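Next up, final.cif (mmCIF, C-alpha atoms):
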```
data_run
#
loop_
_atom_site.label_atom_id
_atom_site.label_comp_id
_atom_site.auth_asym_id
_atom_site.auth_seq_id
_atom_site.Cartn_x
_atom_site.Cartn_y
_atom_site.Cartn_z
CA MET A 166 50.13 -176.75 17.63
CA LYS A 167 51.61 -179.86 19.25
CA ASN A 168 55.08 -178.54 18.37
CA ILE A 169 54.32 -175.27 20.16
CA ILE A 170 53.17 -177.06 23.31
CA ALA A 171 56.11 -179.50 23.31
CA THR A 172 58.60 -176.69 22.72
CA GLY A 173 57.04 -174.64 25.50
CA ILE A 174 57.21 -177.44 28.03
CA ALA A 175 60.83 -178.24 27.13
CA ALA A 176 61.92 -174.60 27.21
CA THR A 177 60.21 -174.00 30.55
CA ALA A 178 61.85 -177.06 32.05
CA ILE A 179 65.27 -175.91 30.80
CA SER A 180 64.69 -172.41 32.13
CA LEU A 181 63.62 -173.54 35.57
CA SER A 182 66.38 -176.13 35.84
CA MET A 183 69.08 -173.57 34.99
CA ASN A 184 68.20 -171.52 38.08
CA ALA A 185 68.03 -168.37 35.97
CA SER A 186 68.60 -165.21 37.95
CA ALA A 187 66.01 -162.45 38.10
CA SER A 188 66.31 -160.35 34.97
CA PRO A 189 63.99 -158.25 32.81
CA MET A 190 65.08 -160.46 29.91
CA THR A 191 64.29 -163.84 31.56
CA PHE A 192 60.69 -164.83 31.00
CA VAL A 193 58.17 -167.26 29.57
CA ASP A 194 55.22 -165.82 27.68
CA TYR A 195 52.27 -166.85 25.55
CA THR A 196 50.74 -164.58 22.92
CA ILE A 197 47.46 -164.95 21.07
CA GLY A 198 46.06 -162.61 18.45
CA THR A 199 44.62 -161.92 15.03
CA ILE A 200 46.39 -161.24 11.74
CA ASP A 201 44.80 -158.57 9.53
CA TYR A 202 46.04 -158.84 5.93
CA ASP A 203 46.24 -155.60 3.94
CA SER A 204 45.22 -157.41 0.74
CA GLY A 205 41.72 -158.00 2.09
CA ALA A 206 42.32 -161.76 2.16
CA GLY A 207 40.58 -161.97 5.52
CA ASP A 208 41.93 -162.46 8.99
CA GLY A 209 44.19 -165.18 10.34
CA ASP A 210 45.13 -166.53 13.74
CA TYR A 211 48.42 -165.89 15.49
CA SER A 212 49.92 -167.46 18.60
CA ALA A 213 53.42 -167.66 20.02
CA PHE A 214 55.15 -169.28 22.95
CA THR A 215 58.44 -167.60 23.89
CA VAL A 216 61.15 -168.41 26.39
CA SER A 217 63.99 -165.95 26.97
CA ILE A 218 66.82 -166.80 29.37
CA ASP A 219 69.54 -164.48 30.61
CA THR A 220 72.56 -166.63 31.54
CA LEU A 221 76.07 -165.95 32.76
CA ILE A 222 77.69 -167.66 29.76
CA ILE A 223 75.52 -166.43 26.89
CA PRO A 224 73.72 -163.16 27.64
CA LEU A 225 70.41 -164.20 26.00
CA ILE A 226 69.03 -167.51 24.79
CA SER A 227 65.67 -167.29 23.05
CA VAL A 228 63.26 -169.98 21.82
CA GLU A 229 60.03 -169.07 20.05
CA ALA A 230 57.35 -171.37 18.66
CA ILE A 231 54.96 -169.42 16.43
CA ASP A 232 51.70 -170.45 14.77
CA PHE A 233 51.28 -167.90 11.97
CA ASN A 234 47.88 -168.59 10.38
CA ASP A 235 48.34 -172.40 10.58
CA SER A 236 52.01 -172.25 9.52
CA ASP A 237 54.49 -173.22 12.21
CA VAL A 238 57.79 -171.42 12.77
CA LEU A 239 60.39 -172.50 15.33
CA LYS A 240 62.97 -169.84 16.20
CA VAL A 241 66.12 -170.53 18.23
CA GLY A 242 68.37 -167.58 18.94
CA LEU A 243 71.21 -165.97 20.81
CA GLY A 244 71.65 -162.35 21.72
CA ALA A 245 72.74 -159.74 24.19
CA TYR A 246 71.37 -156.73 26.00
CA ALA A 247 72.74 -153.65 27.70
CA ASP A 248 71.26 -151.61 30.51
CA ILE A 249 70.47 -147.97 29.82
CA GLY A 250 69.98 -146.26 33.14
CA GLN A 251 68.15 -148.09 35.91
CA ALA A 252 64.97 -149.13 34.12
CA SER A 253 65.71 -149.60 30.40
CA GLN A 254 67.58 -152.00 28.13
CA ILE A 255 68.49 -152.25 24.48
CA TYR A 256 68.80 -155.74 23.07
CA GLY A 257 69.65 -157.65 19.95
CA LEU A 258 68.96 -161.25 18.89
CA VAL A 259 69.91 -163.47 15.97
CA HIS A 260 67.45 -166.34 15.39
CA TYR A 261 67.66 -169.44 13.24
CA ASN A 262 64.13 -169.96 11.87
CA ASP A 263 62.73 -173.33 10.85
CA TYR A 264 59.51 -173.11 8.81
CA ASP A 265 57.11 -175.97 8.14
CA TYR A 266 56.34 -174.50 4.69
CA ASP A 267 59.70 -173.21 3.39
CA ASP A 268 63.48 -173.32 3.71
CA SER A 269 65.07 -172.16 6.93
CA ASP A 270 66.57 -168.70 7.30
CA PHE A 271 67.80 -166.23 9.92
CA SER A 272 66.23 -163.20 11.52
CA PHE A 273 67.76 -160.24 13.30
CA ARG A 274 65.90 -158.36 16.04
CA VAL A 275 66.83 -155.12 17.77
CA GLY A 276 64.71 -153.68 20.51
CA PHE A 277 64.24 -151.31 23.39
CA ARG A 278 62.53 -152.17 26.70
CA SER A 279 61.73 -149.71 29.45
CA SER A 280 59.86 -149.76 32.74
CA LEU A 281 57.76 -146.61 32.64
CA THR A 282 56.60 -147.06 36.24
CA ASP A 283 56.90 -149.86 38.79
CA ARG A 284 54.09 -151.73 37.02
CA LEU A 285 54.07 -150.40 33.44
CA GLU A 286 56.50 -151.60 30.76
CA ALA A 287 56.93 -150.62 27.09
CA ARG A 288 58.79 -152.56 24.39
CA LEU A 289 59.64 -151.58 20.83
CA SER A 290 61.41 -153.97 18.45
CA HIS A 291 62.18 -154.39 14.77
CA THR A 292 62.78 -157.82 13.21
CA MET A 293 64.33 -158.41 9.77
CA TYR A 294 64.38 -161.82 8.05
CA SER A 295 67.18 -162.92 5.71
CA ASP A 296 64.96 -164.73 3.16
CA GLN A 297 61.33 -164.08 4.15
CA ASP A 298 61.21 -160.30 3.61
CA TYR A 299 57.42 -160.17 3.88
CA LEU A 300 57.78 -161.16 7.57
CA ASP A 301 59.93 -158.09 8.43
CA ASN A 302 58.02 -156.21 11.13
CA THR A 303 58.00 -153.63 13.88
CA LYS A 304 56.29 -154.42 17.18
CA PHE A 305 55.11 -152.21 20.03
CA SER A 306 53.98 -153.67 23.37
CA LEU A 307 52.61 -152.06 26.48
CA GLY A 308 52.43 -154.32 29.53
CA TYR A 309 51.09 -154.06 33.05
CA TYR A 310 52.65 -156.07 35.91
CA PHE A 311 49.97 -157.34 38.29
CA THR A 312 52.71 -158.79 40.50
CA GLN A 313 56.49 -158.53 40.31
CA ASN A 314 56.59 -161.63 38.08
CA PHE A 315 53.30 -161.67 36.13
CA SER A 316 52.16 -159.23 33.45
CA LEU A 317 49.63 -158.88 30.67
CA SER A 318 50.35 -156.76 27.61
CA GLY A 319 48.71 -155.54 24.46
CA ASN A 320 50.79 -155.73 21.28
CA TYR A 321 50.65 -154.17 17.84
CA GLN A 322 52.88 -155.63 15.13
CA SER A 323 53.11 -154.01 11.69
CA ALA A 324 54.61 -155.41 8.47
CA ASP A 325 54.30 -154.50 4.79
CA ASN A 326 51.36 -156.83 4.09
CA TYR A 327 49.77 -157.47 7.48
CA ASN A 328 49.20 -156.22 11.03
CA ILE A 329 48.84 -158.29 14.18
CA MET A 330 46.88 -157.25 17.26
CA SER A 331 47.59 -159.57 20.18
CA ALA A 332 47.65 -160.03 23.94
CA THR A 333 50.47 -161.60 25.94
CA ALA A 334 50.63 -163.23 29.36
CA ARG A 335 54.20 -163.17 30.73
CA LEU A 336 55.82 -164.89 33.69
CA SER A 337 59.18 -163.29 34.55
CA PHE A 338 61.90 -164.89 36.65
#
```
So that I can check it, write out the structure of this file as structure tokens.
Amino acid sequence: MKNIIATGIAATAISLSMNASASPMTFVDYTIGTIDYDSGAGDGDYSAFTVSIDTLIIPLISVEAIDFNDSDVLKVGLGAYADIGQASQIYGLVHYNDYDYDDSDFSFRVGFRSSLTDRLEARLSHTMYSDQDYLDNTKFSLGYYFTQNFSLSGNYQSADNYNIMSATARLSF
């Protein structure tokens, strides 16, 4: 957990110091939820701290610190996005993943984000891991913006052996 907090503080400081321009892909968020295992092994805890920065040099820089049922994962990635119309984007990311319980690997994420109204946003993404196949998942999020920069969302993430129900607080820049 200390790694998640330290990573979050560092990533936020980097983001704010880079003077990131307003973008639907520039944000800091914190997610907390519950893992439901299909095997009946009981529930687990899930939390994640994510920083995504849209820069002029590299389209997307992403840092994620995840606590997956007391196992820590640090993800550092690069990616790109493209606008589709005025309110939607498709995006792709490649992450290097460092696990506290196993060898490192890579993950590949593709997604779609759309503003349904001025305050309502939907996201759909699919993530594939190079070595940890059981972590491959599809995630759907529906968020509501209380202000132009702050939103709360409900998330459903589905994999072969587990499902995650979570809530996210997001601060966009």
**Asked** segment 275-280 of chain A: which residues within 10 Å, counting all atoms listed in the file, same-chain residues fewer than 2 positions away excluded, as a PyMOL selection string?
**Response** chain A and resi 189-190+244-259+273+282-293+303-309
Produce a file of the selected residues containing C-alpha atoms, as an mmCIF file, keeping the file's coordinate frame.
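result-v6.cif, written as the output of this step:
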```cif
data_model
loop_
_atom_site.group_PDB
_atom_site.id
_atom_site.type_symbol
_atom_site.label_atom_id
_atom_site.label_comp_id
_atom_site.auth_asym_id
_atom_site.auth_seq_id
_atom_site.Cartn_x
_atom_site.Cartn_y
_atom_site.Cartn_z
ATOM 1 C CA PRO A 189 63.990 -158.250 32.810
ATOM 2 C CA MET A 190 65.080 -160.460 29.910
ATOM 3 C CA GLY A 244 71.650 -162.350 21.720
ATOM 4 C CA ALA A 245 72.740 -159.740 24.190
ATOM 5 C CA TYR A 246 71.370 -156.730 26.000
ATOM 6 C CA ALA A 247 72.740 -153.650 27.700
ATOM 7 C CA ASP A 248 71.260 -151.610 30.510
ATOM 8 C CA ILE A 249 70.470 -147.970 29.820
ATOM 9 C CA GLY A 250 69.980 -146.260 33.140
ATOM 10 C CA GLN A 251 68.150 -148.090 35.910
ATOM 11 C CA ALA A 252 64.970 -149.130 34.120
ATOM 12 C CA SER A 253 65.710 -149.600 30.400
ATOM 13 C CA GLN A 254 67.580 -152.000 28.130
ATOM 14 C CA ILE A 255 68.490 -152.250 24.480
ATOM 15 C CA TYR A 256 68.800 -155.740 23.070
ATOM 16 C CA GLY A 257 69.650 -157.650 19.950
ATOM 17 C CA LEU A 258 68.960 -161.250 18.890
ATOM 18 C CA VAL A 259 69.910 -163.470 15.970
ATOM 19 C CA PHE A 273 67.760 -160.240 13.300
ATOM 20 C CA THR A 282 56.600 -147.060 36.240
ATOM 21 C CA ASP A 283 56.900 -149.860 38.790
ATOM 22 C CA ARG A 284 54.090 -151.730 37.020
ATOM 23 C CA LEU A 285 54.070 -150.400 33.440
ATOM 24 C CA GLU A 286 56.500 -151.600 30.760
ATOM 25 C CA ALA A 287 56.930 -150.620 27.090
ATOM 26 C CA ARG A 288 58.790 -152.560 24.390
ATOM 27 C CA LEU A 289 59.640 -151.580 20.830
ATOM 28 C CA SER A 290 61.410 -153.970 18.450
ATOM 29 C CA HIS A 291 62.180 -154.390 14.770
ATOM 30 C CA THR A 292 62.780 -157.820 13.210
ATOM 31 C CA MET A 293 64.330 -158.410 9.770
ATOM 32 C CA THR A 303 58.000 -153.630 13.880
ATOM 33 C CA LYS A 304 56.290 -154.420 17.180
ATOM 34 C CA PHE A 305 55.110 -152.210 20.030
ATOM 35 C CA SER A 306 53.980 -153.670 23.370
ATOM 36 C CA LEU A 307 52.610 -152.060 26.480
ATOM 37 C CA GLY A 308 52.430 -154.320 29.530
ATOM 38 C CA TYR A 309 51.090 -154.060 33.050
#
```
**Prompt:** Just how far from atom CA of Gly205 of chain A is atom CA of Glu229 of chain A, in Å to one decimal?
**Reply:** 27.9 Å
**Request:** Would you write out, as a ChimeraX atom specification, every residue that the PyMOL selection byres ((chain A and resi 333) around 8) captures in this file?
**Result:** /A:194-197,317-320,331-332,334-335
**Message:** Using Å and a single decimal, report how far atom CA of Asn262 of chain A sits from atom CA of Ser295 of chain A.
**Reply:** 9.8 Å
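The space between atom CA of Asp325 of chain A and atom CA of Asp265 of chain A spans 21.9 Å.
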**Residue IDs satisfying the PyMOL selection byres ((chain A and resi 314) around 9), as a ChimeraX atom specification** = /A:192,310-313,315-316,335-338
**Message:** Suppose a student applies the PyMOL selection byres ((chain A and resi 269-272) around 10) to this structure; what residues should they get, written as a ChimeraX atom specification?
**Reply:** /A:238-242,258-268,273-274,292-298,300-301
**Asked** What lies within 12 Å of Gly209 of chain A using all atoms listed in the file, ignoring chain neighbours under 6 positions off, as an NGL selection string?
**Response** :A and (197-203 or 232-236 or 327-331)
**Request:** Between A:Leu221, A:Tyr299, A:Ala206, A:Tyr211, single out the one closest to Asn326 of chain A, counting all atoms listed in the file.
**Result:**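 Ranked by minimum distance to Asn326 of chain A, first place goes to A:Tyr299.
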So that all listed atoms of segment 314-333 of chain A fit with 8 Å spare on each side, what axis-aligned box centre and edge lengths in Å, to one decimal, would you give as JSON?
```
{"center_x": 51.7, "center_y": -157.8, "center_z": 21.1, "size_x": 25.7, "size_y": 23.7, "size_z": 50.0}
```
